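Trainee: Below is the file final35.cif, with mmCIF, C-alpha atoms.
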```
data_run
loop_
_atom_site.group_PDB
_atom_site.id
_atom_site.type_symbol
_atom_site.label_atom_id
_atom_site.label_comp_id
_atom_site.auth_asym_id
_atom_site.auth_seq_id
_atom_site.Cartn_x
_atom_site.Cartn_y
_atom_site.Cartn_z
ATOM 1 C CA MET A 1 115.630 50.708 55.687
ATOM 2 C CA ARG A 2 114.074 47.552 57.116
ATOM 3 C CA PHE A 3 111.077 47.604 59.436
ATOM 4 C CA GLY A 4 110.192 44.708 61.693
ATOM 5 C CA VAL A 5 106.495 44.320 62.503
ATOM 6 C CA VAL A 6 105.680 42.304 65.613
ATOM 7 C CA ARG A 7 103.064 39.554 65.407
ATOM 8 C CA PHE A 8 101.517 38.317 68.657
ATOM 9 C CA PRO A 9 98.726 35.771 68.899
ATOM 10 C CA GLY A 10 95.737 38.108 68.645
ATOM 11 C CA SER A 11 97.421 40.804 66.574
ATOM 12 C CA CYS A 12 95.146 41.909 63.752
ATOM 13 C CA ASP A 13 96.751 44.961 62.129
ATOM 14 C CA GLU A 14 100.202 43.540 61.528
ATOM 15 C CA VAL A 15 99.628 42.933 57.800
ATOM 16 C CA ASP A 16 98.362 46.459 57.196
ATOM 17 C CA ALA A 17 101.368 47.747 59.152
ATOM 18 C CA LEU A 18 103.691 45.546 57.085
ATOM 19 C CA LEU A 19 102.201 46.834 53.820
ATOM 20 C CA ALA A 20 102.391 50.430 55.057
ATOM 21 C CA CYS A 21 106.073 49.970 55.915
ATOM 22 C CA ARG A 22 106.751 48.438 52.487
ATOM 23 C CA ARG A 23 105.614 51.642 50.820
ATOM 24 C CA PHE A 24 108.665 53.317 52.343
ATOM 25 C CA GLY A 25 111.200 50.519 52.824
ATOM 26 C CA ASP A 26 111.628 46.802 53.363
ATOM 27 C CA ALA A 27 109.638 45.084 56.075
ATOM 28 C CA GLN A 28 109.292 41.686 57.710
ATOM 29 C CA LEU A 29 107.131 40.133 60.396
ATOM 30 C CA LEU A 30 108.676 39.236 63.767
ATOM 31 C CA TRP A 31 107.064 36.327 65.648
ATOM 32 C CA HIS A 32 106.478 36.872 69.377
ATOM 33 C CA LYS A 33 108.342 33.701 70.423
ATOM 34 C CA GLU A 34 111.566 34.721 68.696
ATOM 35 C CA ARG A 35 114.253 36.765 70.386
ATOM 36 C CA ASP A 36 116.089 37.757 67.234
ATOM 37 C CA LEU A 37 114.991 41.049 65.673
ATOM 38 C CA GLY A 38 116.709 40.071 62.426
ATOM 39 C CA GLY A 39 118.788 43.224 62.255
ATOM 40 C CA VAL A 40 115.821 45.511 61.516
ATOM 41 C CA ASP A 41 116.300 49.288 61.700
ATOM 42 C CA ALA A 42 112.925 50.040 63.286
ATOM 43 C CA VAL A 43 110.207 48.054 65.069
ATOM 44 C CA VAL A 44 106.440 48.482 64.762
ATOM 45 C CA VAL A 45 104.229 46.998 67.489
ATOM 46 C CA PRO A 46 100.846 46.803 65.754
ATOM 47 C CA GLY A 47 97.221 46.902 66.826
ATOM 48 C CA GLY A 48 94.977 44.052 67.793
ATOM 49 C CA PHE A 49 94.305 42.042 70.918
ATOM 50 C CA SER A 50 97.657 40.548 71.862
ATOM 51 C CA TYR A 51 97.221 37.455 74.043
ATOM 52 C CA GLY A 52 93.507 38.178 74.026
ATOM 53 C CA ASP A 53 94.102 41.385 76.002
ATOM 54 C CA TYR A 54 93.562 39.175 79.055
ATOM 55 C CA LEU A 55 94.091 40.866 82.433
ATOM 56 C CA ARG A 56 94.757 44.305 80.869
ATOM 57 C CA ALA A 57 95.440 45.303 77.279
ATOM 58 C CA GLY A 58 99.130 44.666 76.606
ATOM 59 C CA ALA A 59 99.884 43.294 80.065
ATOM 60 C CA ILE A 60 100.850 39.784 78.990
ATOM 61 C CA ALA A 61 102.326 40.614 75.562
ATOM 62 C CA ARG A 62 104.805 42.842 77.325
ATOM 63 C CA PHE A 63 106.550 39.738 78.733
ATOM 64 C CA SER A 64 106.842 37.827 75.436
ATOM 65 C CA PRO A 65 110.386 36.792 74.414
ATOM 66 C CA LEU A 66 110.352 39.133 71.423
ATOM 67 C CA MET A 67 109.304 42.095 73.556
ATOM 68 C CA GLU A 68 112.333 41.563 75.786
ATOM 69 C CA SER A 69 114.438 42.136 72.661
ATOM 70 C CA VAL A 70 112.306 45.091 71.575
ATOM 71 C CA ILE A 71 112.777 46.675 75.017
ATOM 72 C CA GLU A 72 116.536 46.255 74.699
ATOM 73 C CA PHE A 73 116.444 47.650 71.129
ATOM 74 C CA ALA A 74 114.505 50.694 72.383
ATOM 75 C CA ARG A 75 116.858 51.243 75.329
ATOM 76 C CA GLU A 76 119.743 51.319 72.841
ATOM 77 C CA GLY A 77 117.974 54.087 70.904
ATOM 78 C CA GLY A 78 116.284 52.061 68.168
ATOM 79 C CA PRO A 79 113.058 53.578 66.822
ATOM 80 C CA VAL A 80 109.930 51.769 68.051
ATOM 81 C CA LEU A 81 106.401 52.677 66.962
ATOM 82 C CA GLY A 82 103.441 51.308 68.909
ATOM 83 C CA ILE A 83 100.007 51.606 67.351
ATOM 84 C CA CYS A 84 96.816 51.143 69.403
ATOM 85 C CA ASN A 85 97.362 47.776 71.160
ATOM 86 C CA GLY A 86 101.060 48.330 70.446
ATOM 87 C CA PHE A 87 100.832 51.626 72.370
ATOM 88 C CA GLN A 88 99.227 49.737 75.270
ATOM 89 C CA VAL A 89 102.028 47.148 75.153
ATOM 90 C CA LEU A 90 104.740 49.841 75.202
ATOM 91 C CA CYS A 91 103.101 51.559 78.196
ATOM 92 C CA GLU A 92 102.872 48.247 80.060
ATOM 93 C CA ALA A 93 106.527 47.605 79.182
ATOM 94 C CA GLY A 94 107.518 50.911 80.762
ATOM 95 C CA LEU A 95 108.954 52.233 77.491
ATOM 96 C CA LEU A 96 106.343 54.980 77.473
ATOM 97 C CA PRO A 97 104.834 56.883 80.394
ATOM 98 C CA GLY A 98 101.226 56.463 81.433
ATOM 99 C CA ALA A 99 98.490 53.932 80.797
ATOM 100 C CA LEU A 100 95.433 53.449 78.621
ATOM 101 C CA LEU A 101 92.038 53.196 80.322
ATOM 102 C CA PRO A 102 88.624 52.178 78.949
ATOM 103 C CA ASN A 103 87.016 54.871 76.799
ATOM 104 C CA ARG A 104 84.945 57.334 78.788
ATOM 105 C CA SER A 105 81.892 56.314 76.718
ATOM 106 C CA LEU A 106 82.563 52.615 77.452
ATOM 107 C CA ARG A 107 81.909 52.150 73.727
ATOM 108 C CA PHE A 108 84.083 50.864 70.936
ATOM 109 C CA VAL A 109 84.820 53.880 68.731
ATOM 110 C CA CYS A 110 85.654 53.535 65.050
ATOM 111 C CA ARG A 111 85.925 56.756 63.107
ATOM 112 C CA GLN A 112 88.221 59.035 61.162
ATOM 113 C CA VAL A 113 89.796 61.756 63.345
ATOM 114 C CA ASP A 114 92.078 64.711 62.786
ATOM 115 C CA VAL A 115 95.241 64.675 64.874
ATOM 116 C CA ILE A 116 97.629 67.600 65.217
ATOM 117 C CA VAL A 117 101.377 67.114 65.108
ATOM 118 C CA GLU A 118 102.517 68.829 68.318
ATOM 119 C CA ASN A 119 106.128 67.720 68.168
ATOM 120 C CA PRO A 120 107.757 67.232 64.748
ATOM 121 C CA ASP A 121 111.139 66.615 66.379
ATOM 122 C CA THR A 122 110.883 62.819 66.658
ATOM 123 C CA PRO A 123 111.990 60.064 64.254
ATOM 124 C CA PHE A 124 108.301 59.440 63.480
ATOM 125 C CA THR A 125 107.154 62.983 62.761
ATOM 126 C CA ARG A 126 110.189 64.670 61.239
ATOM 127 C CA ALA A 127 108.526 64.687 57.795
ATOM 128 C CA CYS A 128 105.710 66.775 59.317
ATOM 129 C CA GLU A 129 105.401 70.454 60.181
ATOM 130 C CA ALA A 130 104.470 71.536 63.704
ATOM 131 C CA GLY A 131 100.709 71.964 63.708
ATOM 132 C CA GLU A 132 100.192 69.776 60.651
ATOM 133 C CA VAL A 133 96.839 67.988 60.731
ATOM 134 C CA LEU A 134 96.707 64.294 59.841
ATOM 135 C CA SER A 135 93.469 62.488 59.057
ATOM 136 C CA VAL A 136 93.677 58.934 60.406
ATOM 137 C CA PRO A 137 91.179 56.419 61.804
ATOM 138 C CA VAL A 138 90.818 55.331 65.415
ATOM 139 C CA LYS A 139 89.221 52.018 66.440
ATOM 140 C CA HIS A 140 89.482 51.017 70.064
ATOM 141 C CA THR A 141 87.720 50.483 73.384
ATOM 142 C CA THR A 142 90.680 51.171 75.671
ATOM 143 C CA GLY A 143 92.216 54.407 74.467
ATOM 144 C CA ARG A 144 91.779 56.928 77.279
ATOM 145 C CA TYR A 145 95.356 58.000 77.845
ATOM 146 C CA HIS A 146 96.263 58.802 81.438
ATOM 147 C CA ALA A 147 99.660 60.160 82.464
ATOM 148 C CA PRO A 148 99.539 62.856 85.126
ATOM 149 C CA GLY A 149 102.440 65.270 84.812
ATOM 150 C CA ILE A 150 103.706 64.118 81.416
ATOM 151 C CA PRO A 151 106.122 66.767 80.052
ATOM 152 C CA GLU A 152 104.595 68.760 77.207
ATOM 153 C CA GLU A 153 107.479 67.966 74.836
ATOM 154 C CA GLN A 154 106.562 64.272 75.038
ATOM 155 C CA VAL A 155 103.092 64.964 73.649
ATOM 156 C CA VAL A 156 103.616 64.244 69.948
ATOM 157 C CA LEU A 157 100.039 64.041 68.647
ATOM 158 C CA ARG A 158 96.809 65.546 69.919
ATOM 159 C CA TYR A 159 93.236 65.070 68.749
ATOM 160 C CA ALA A 160 91.911 68.190 67.007
ATOM 161 C CA PRO A 161 89.602 70.270 69.236
ATOM 162 C CA GLY A 162 86.275 68.517 69.753
ATOM 163 C CA GLN A 163 87.462 65.223 68.257
ATOM 164 C CA ASN A 164 88.770 63.424 71.345
ATOM 165 C CA PRO A 165 87.170 59.978 70.864
ATOM 166 C CA ASN A 166 87.916 58.426 74.262
ATOM 167 C CA GLY A 167 88.282 61.063 77.003
ATOM 168 C CA ALA A 168 92.099 61.028 76.869
ATOM 169 C CA GLN A 169 93.856 63.481 79.169
ATOM 170 C CA ASP A 170 94.454 66.822 77.391
ATOM 171 C CA ASP A 171 93.289 65.331 74.057
ATOM 172 C CA ILE A 172 96.532 63.326 73.860
ATOM 173 C CA ALA A 173 96.615 60.904 70.913
ATOM 174 C CA GLY A 174 100.315 60.009 70.850
ATOM 175 C CA VAL A 175 103.340 60.324 73.136
ATOM 176 C CA CYS A 176 107.051 59.624 72.996
ATOM 177 C CA ASN A 177 109.591 58.713 75.652
ATOM 178 C CA ALA A 178 112.026 61.308 77.003
ATOM 179 C CA GLU A 179 114.660 60.172 74.470
ATOM 180 C CA ARG A 180 112.041 60.457 71.673
ATOM 181 C CA ASN A 181 112.922 57.162 69.967
ATOM 182 C CA VAL A 182 109.721 55.428 71.094
ATOM 183 C CA LEU A 183 106.307 56.647 69.957
ATOM 184 C CA GLY A 184 102.903 55.265 70.886
ATOM 185 C CA LEU A 185 99.607 56.417 69.440
ATOM 186 C CA MET A 186 96.004 55.255 69.479
ATOM 187 C CA PRO A 187 95.105 56.277 65.885
ATOM 188 C CA HIS A 188 96.054 53.907 63.070
ATOM 189 C CA PRO A 189 98.438 55.481 60.554
ATOM 190 C CA GLU A 190 98.826 52.101 58.807
ATOM 191 C CA HIS A 191 95.153 52.256 57.760
ATOM 192 C CA ALA A 192 95.678 55.663 56.124
ATOM 193 C CA VAL A 193 98.421 55.183 53.547
ATOM 194 C CA ASP A 194 96.377 55.246 50.321
ATOM 195 C CA PRO A 195 93.995 57.943 49.061
ATOM 196 C CA LEU A 196 91.708 55.081 48.011
ATOM 197 C CA THR A 197 90.716 54.623 51.671
ATOM 198 C CA GLY A 198 90.176 58.339 52.251
ATOM 199 C CA SER A 199 93.569 59.541 53.469
ATOM 200 C CA ALA A 200 97.245 58.857 52.940
ATOM 201 C CA ASP A 201 98.278 61.057 55.885
ATOM 202 C CA GLY A 202 99.338 58.094 58.024
ATOM 203 C CA GLY A 203 102.185 57.464 55.605
ATOM 204 C CA ARG A 204 103.924 60.545 56.986
ATOM 205 C CA LEU A 205 104.956 58.609 60.086
ATOM 206 C CA PHE A 206 106.445 55.684 58.135
ATOM 207 C CA GLU A 207 108.057 58.106 55.697
ATOM 208 C CA SER A 208 109.681 59.923 58.631
ATOM 209 C CA VAL A 209 111.221 56.741 60.024
ATOM 210 C CA ALA A 210 112.300 55.472 56.602
ATOM 211 C CA ALA A 211 114.196 58.704 55.971
ATOM 212 C CA MET A 212 116.503 57.854 58.898
ATOM 213 C CA VAL A 213 118.290 55.110 56.999
ATOM 214 C CA PRO A 214 119.225 55.673 53.333
ATOM 215 C CA ALA A 215 117.860 53.101 50.894
ATOM 216 C CA ALA A 216 120.344 50.265 50.386
ATOM 217 C CA MET B 1 97.886 28.557 100.237
ATOM 218 C CA ARG B 2 94.807 30.255 98.830
ATOM 219 C CA VAL B 3 95.202 33.943 98.033
ATOM 220 C CA GLN B 4 92.831 36.550 96.672
ATOM 221 C CA VAL B 5 94.019 39.725 95.003
ATOM 222 C CA LEU B 6 91.455 42.524 94.882
ATOM 223 C CA ILE B 7 92.194 45.117 92.231
ATOM 224 C CA ARG B 8 90.450 48.471 92.230
ATOM 225 C CA PRO B 9 90.644 51.557 90.011
ATOM 226 C CA LYS B 10 92.874 54.062 91.771
ATOM 227 C CA GLU B 11 91.005 56.760 93.632
ATOM 228 C CA GLY B 12 90.448 59.846 91.517
ATOM 229 C CA ILE B 13 90.586 58.010 88.210
ATOM 230 C CA LEU B 14 87.351 58.295 86.270
ATOM 231 C CA ASP B 15 85.578 54.927 86.435
ATOM 232 C CA PRO B 16 82.841 54.991 83.786
ATOM 233 C CA GLN B 17 82.037 51.335 84.427
ATOM 234 C CA GLY B 18 81.305 52.095 88.078
ATOM 235 C CA GLN B 19 79.198 55.074 87.023
ATOM 236 C CA ALA B 20 77.194 52.942 84.591
ATOM 237 C CA VAL B 21 76.514 50.332 87.265
ATOM 238 C CA GLU B 22 75.527 53.051 89.736
ATOM 239 C CA GLN B 23 73.073 54.516 87.239
ATOM 240 C CA ALA B 24 71.650 51.068 86.562
ATOM 241 C CA LEU B 25 71.159 50.439 90.289
ATOM 242 C CA GLN B 26 69.408 53.770 90.680
ATOM 243 C CA ALA B 27 67.236 53.016 87.661
ATOM 244 C CA LEU B 28 66.187 49.815 89.456
ATOM 245 C CA GLY B 29 65.111 51.896 92.432
ATOM 246 C CA PHE B 30 68.161 51.367 94.667
ATOM 247 C CA GLU B 31 68.495 55.084 95.262
ATOM 248 C CA GLY B 32 70.844 54.706 98.222
ATOM 249 C CA ALA B 33 73.578 53.055 96.099
ATOM 250 C CA ARG B 34 76.476 55.454 95.659
ATOM 251 C CA ASN B 35 80.210 55.531 94.884
ATOM 252 C CA VAL B 36 80.085 52.334 92.856
ATOM 253 C CA HIS B 37 83.420 51.117 91.531
ATOM 254 C CA VAL B 38 84.111 48.014 89.504
ATOM 255 C CA GLY B 39 87.385 46.165 89.963
ATOM 256 C CA ARG B 40 88.755 42.694 89.474
ATOM 257 C CA LEU B 41 89.215 39.607 91.673
ATOM 258 C CA ILE B 42 92.105 37.222 91.048
ATOM 259 C CA GLU B 43 92.228 33.998 93.058
ATOM 260 C CA LEU B 44 95.252 31.745 93.138
ATOM 261 C CA ASP B 45 97.058 29.063 95.098
ATOM 262 C CA VAL B 46 100.657 29.896 95.957
ATOM 263 C CA ASP B 47 103.478 28.085 97.717
ATOM 264 C CA ASN B 48 105.008 31.306 98.956
ATOM 265 C CA PRO B 49 102.587 34.131 99.727
ATOM 266 C CA GLN B 50 105.491 36.530 100.152
ATOM 267 C CA GLN B 51 105.840 36.555 96.384
ATOM 268 C CA VAL B 52 102.333 37.905 95.849
ATOM 269 C CA PRO B 53 103.176 41.624 96.232
ATOM 270 C CA GLU B 54 105.788 41.290 93.480
ATOM 271 C CA MET B 55 103.271 39.417 91.303
ATOM 272 C CA CYS B 56 100.918 42.362 91.775
ATOM 273 C CA GLU B 57 103.538 45.007 90.996
ATOM 274 C CA ARG B 58 104.841 43.249 87.906
ATOM 275 C CA LEU B 59 101.752 41.752 86.328
ATOM 276 C CA LEU B 60 98.461 41.462 88.175
ATOM 277 C CA ALA B 61 97.917 45.194 88.696
ATOM 278 C CA ASN B 62 99.114 48.320 86.949
ATOM 279 C CA PRO B 63 100.091 50.504 89.910
ATOM 280 C CA LEU B 64 99.710 53.651 87.793
ATOM 281 C CA ILE B 65 95.964 53.177 87.541
ATOM 282 C CA GLU B 66 95.058 50.440 90.015
ATOM 283 C CA ASP B 67 95.348 49.697 93.736
ATOM 284 C CA TYR B 68 95.538 46.138 94.955
ATOM 285 C CA GLU B 69 94.765 44.384 98.190
ATOM 286 C CA ILE B 70 96.055 40.913 99.044
ATOM 287 C CA VAL B 71 93.818 38.621 101.077
ATOM 288 C CA ILE B 72 95.350 35.395 102.436
ATOM 289 C CA GLU B 73 93.505 32.408 103.841
ATOM 290 C CA HIS B 74 94.343 31.673 107.496
ATOM 291 C CA ALA B 75 92.745 28.609 109.091
ATOM 292 C CA GLY B 76 89.863 28.671 106.641
ATOM 293 C CA GLN B 77 89.299 32.436 106.948
ATOM 294 C CA MET B 78 90.349 35.078 104.459
ATOM 295 C CA ARG B 79 92.317 37.904 106.059
ATOM 296 C CA SER B 80 93.632 41.001 104.428
ATOM 297 C CA ALA B 81 97.425 41.138 104.332
ATOM 298 C CA ALA B 82 99.269 44.434 104.701
ATOM 299 C CA ALA B 83 100.058 45.368 101.098
#
```
Would you kindly transcribe this structure into structure tokens?
Mentor:
Amino acid sequence: MRFGVVRFPGSCDEVDALLACRRFGDAQLLWHKERDLGGVDAVVVPGGFSYGDYLRAGAIARFSPLMESVIEFAREGGPVLGICNGFQVLCEAGLLPGALLPNRSLRFVCRQVDVIVENPDTPFTRACEAGEVLSVPVKHTTGRYHAPGIPEEQVVLRYAPGQNPNGAQDDIAGVCNAERNVLGLMPHPEHAVDPLTGSADGGRLFESVAAMVPAA
Amino acid sequence: MRVQVLIRPKEGILDPQGQAVEQALQALGFEGARNVHVGRLIELDVDNPQQVPEMCERLLANPLIEDYEIVIEHAGQMRSAAA
């Protein structure tokens, strides 16, 4: 299993994502100017401030040469995981429904939250039970998910009651596309892969994807 | 040709920035200030103004959450174009 982790100018969580992936498989960075995905089995679009988040978060990154290839990879059924800014990029790219708006509080939030696995039937959550609670951090200013009419089965992760950090519609923390091979979430599973930092629950998502392809 | 694109939060979408500005205005004593919304202004020169709607749809605005209005300069005056 080989993960490819996208690096845009302004990415800042790509190394943590790379190290998280390497706990469960091989992983390499993918530079935004390239078009070649290097034959990876799954793509992670990490957090940060791609292209400075100018105009709108993710709006410019979405048109990078590499993203054109990622969009094609996703349309062919390849698993794509977007975390935080990566989630914003995938929404802007039209791979996921909805959009991310500024937090209701207008404040940057940085805290550990509990998220509930609502749909374990995706490549990213198949190692989880329905209703399983994962403790992972959030850190963002633009995380208020907005997608009127999104089908319930596309809601993959929800903030635990009372823990919605940004005013997201229906406490939604993570969503997938109708085909379920693309997942975006605001919390950062890559920052929660070692008990040393308080929780290893985030590893469940990487573990789920890694289980798709047997170790070489 | 000089063009302005006015981008506004779509009606009905919670606009906490507008609310914060409204509260600040009221705190300054401007009690009649209501329904404040904060958007974005993009100014550009274009050769072909007919391309501007597509620019808005594809990049400048996110039509899911934002409305846009295109204003084009005619004989030194800015006039709103039918979007």
Trainee: Go ahead and fit an axis-aligned box to every listed atom of stretch 59-77 of chain B plus 4 Å each side, and pass me the centre and edge lengths in Å, one decimal, as JSON.
Mentor:
```
{"center_x": 95.5, "center_y": 41.1, "center_z": 97.7, "size_x": 20.5, "size_y": 33.0, "size_z": 30.8}
```
Trainee: With 9 Å as the cut-off and all atoms listed in the file counted, what is the closest atom pair between each nearby residue of chain A and chain B? Distances in Å to one decimal, ordered by chain and number, as CSV.
Mentor:
```
residue,atom,partner,partner_atom,distance
A:Leu55,CA,B:Leu60,CA,7.2
A:Arg56,CA,B:Ala61,CA,8.5
A:Ala59,CA,B:Leu59,CA,6.7
A:Ile60,CA,B:Leu59,CA,7.7
A:Glu92,CA,B:Asn62,CA,7.8
A:Gly98,CA,B:Leu64,CA,7.1
A:Ala99,CA,B:Leu64,CA,7.1
A:Leu100,CA,B:Ile65,CA,8.9
A:Leu101,CA,B:Ile65,CA,8.2
A:Pro102,CA,B:Pro16,CA,8.0
A:Asn103,CA,B:Pro16,CA,8.1
A:Arg104,CA,B:Pro16,CA,5.9
A:Ser105,CA,B:Pro16,CA,7.3
A:Leu106,CA,B:Pro16,CA,6.8
A:His146,CA,B:Ile65,CA,8.3
A:Ala147,CA,B:Leu64,CA,8.4
```
Trainee: One decimal, Å: what's the distance from atom CA of A:Ala160 over to atom CA of A:Asp114, could you say?
Mentor: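 So the two atoms, atom CA of A:Ala160 and atom CA of A:Asp114, lie 5.5 Å apart.
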Trainee: Using only C-alpha atoms, determine which residues lie at most 10 Å from stretch 4-20 of chain A, disregarding the query and same-chain residues fewer than 5 positions distant; provide the list as a tab-separated table (two decimals) with C-alpha atoms, keeping the file's coordinate frame.
Mentor:
```tsv
chain	number	residue	atom	x	y	z
A	25	GLY	CA	111.20	50.52	52.82
A	26	ASP	CA	111.63	46.80	53.36
A	27	ALA	CA	109.64	45.08	56.08
A	28	GLN	CA	109.29	41.69	57.71
A	29	LEU	CA	107.13	40.13	60.40
A	30	LEU	CA	108.68	39.24	63.77
A	31	TRP	CA	107.06	36.33	65.65
A	32	HIS	CA	106.48	36.87	69.38
A	33	LYS	CA	108.34	33.70	70.42
A	37	LEU	CA	114.99	41.05	65.67
A	38	GLY	CA	116.71	40.07	62.43
A	39	GLY	CA	118.79	43.22	62.26
A	40	VAL	CA	115.82	45.51	61.52
A	41	ASP	CA	116.30	49.29	61.70
A	42	ALA	CA	112.92	50.04	63.29
A	43	VAL	CA	110.21	48.05	65.07
A	44	VAL	CA	106.44	48.48	64.76
A	45	VAL	CA	104.23	47.00	67.49
A	46	PRO	CA	100.85	46.80	65.75
A	47	GLY	CA	97.22	46.90	66.83
A	48	GLY	CA	94.98	44.05	67.79
A	49	PHE	CA	94.30	42.04	70.92
A	50	SER	CA	97.66	40.55	71.86
A	51	TYR	CA	97.22	37.46	74.04
A	52	GLY	CA	93.51	38.18	74.03
A	53	ASP	CA	94.10	41.38	76.00
A	61	ALA	CA	102.33	40.61	75.56
A	64	SER	CA	106.84	37.83	75.44
A	66	LEU	CA	110.35	39.13	71.42
A	67	MET	CA	109.30	42.10	73.56
A	70	VAL	CA	112.31	45.09	71.58
A	80	VAL	CA	109.93	51.77	68.05
A	81	LEU	CA	106.40	52.68	66.96
A	82	GLY	CA	103.44	51.31	68.91
A	83	ILE	CA	100.01	51.61	67.35
A	84	CYS	CA	96.82	51.14	69.40
A	85	ASN	CA	97.36	47.78	71.16
A	86	GLY	CA	101.06	48.33	70.45
A	188	HIS	CA	96.05	53.91	63.07
A	189	PRO	CA	98.44	55.48	60.55
A	190	GLU	CA	98.83	52.10	58.81
A	191	HIS	CA	95.15	52.26	57.76
A	192	ALA	CA	95.68	55.66	56.12
A	193	VAL	CA	98.42	55.18	53.55
A	194	ASP	CA	96.38	55.25	50.32
A	202	GLY	CA	99.34	58.09	58.02
A	203	GLY	CA	102.18	57.46	55.60
A	205	LEU	CA	104.96	58.61	60.09
A	206	PHE	CA	106.44	55.68	58.14
A	207	GLU	CA	108.06	58.11	55.70
```
Trainee: What does the structure give for the distance between atom CA of B:Cys56 and atom CA of B:Gln4, in Å to one decimal?
Mentor: 11.1 Å
Trainee: Please measure the separation of atom CA of A:Arg111 and atom CA of A:Arg158, giving the value in Å to one decimal.
Mentor: 15.6 Å
Trainee: Using all atoms listed in the file, find the one residue out of A:Ser208, A:Pro148, A:Arg180, A:Gly198 that sits nearest to B:Gly12.
Mentor: A:Pro148
Trainee: Could you tell me, as a list in words, exactly which residues end up selected when the PyMOL selection byres ((chain A and resi 93) around 8) is applied to this structure?
Mentor: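 Applied to this file, the PyMOL selection byres ((chain A and resi 93) around 8) selects Ala59, Arg62, Phe63, Ile71, Val89, Leu90, Cys91, Glu92, Gly94, Leu95 and Leu96 of chain A.
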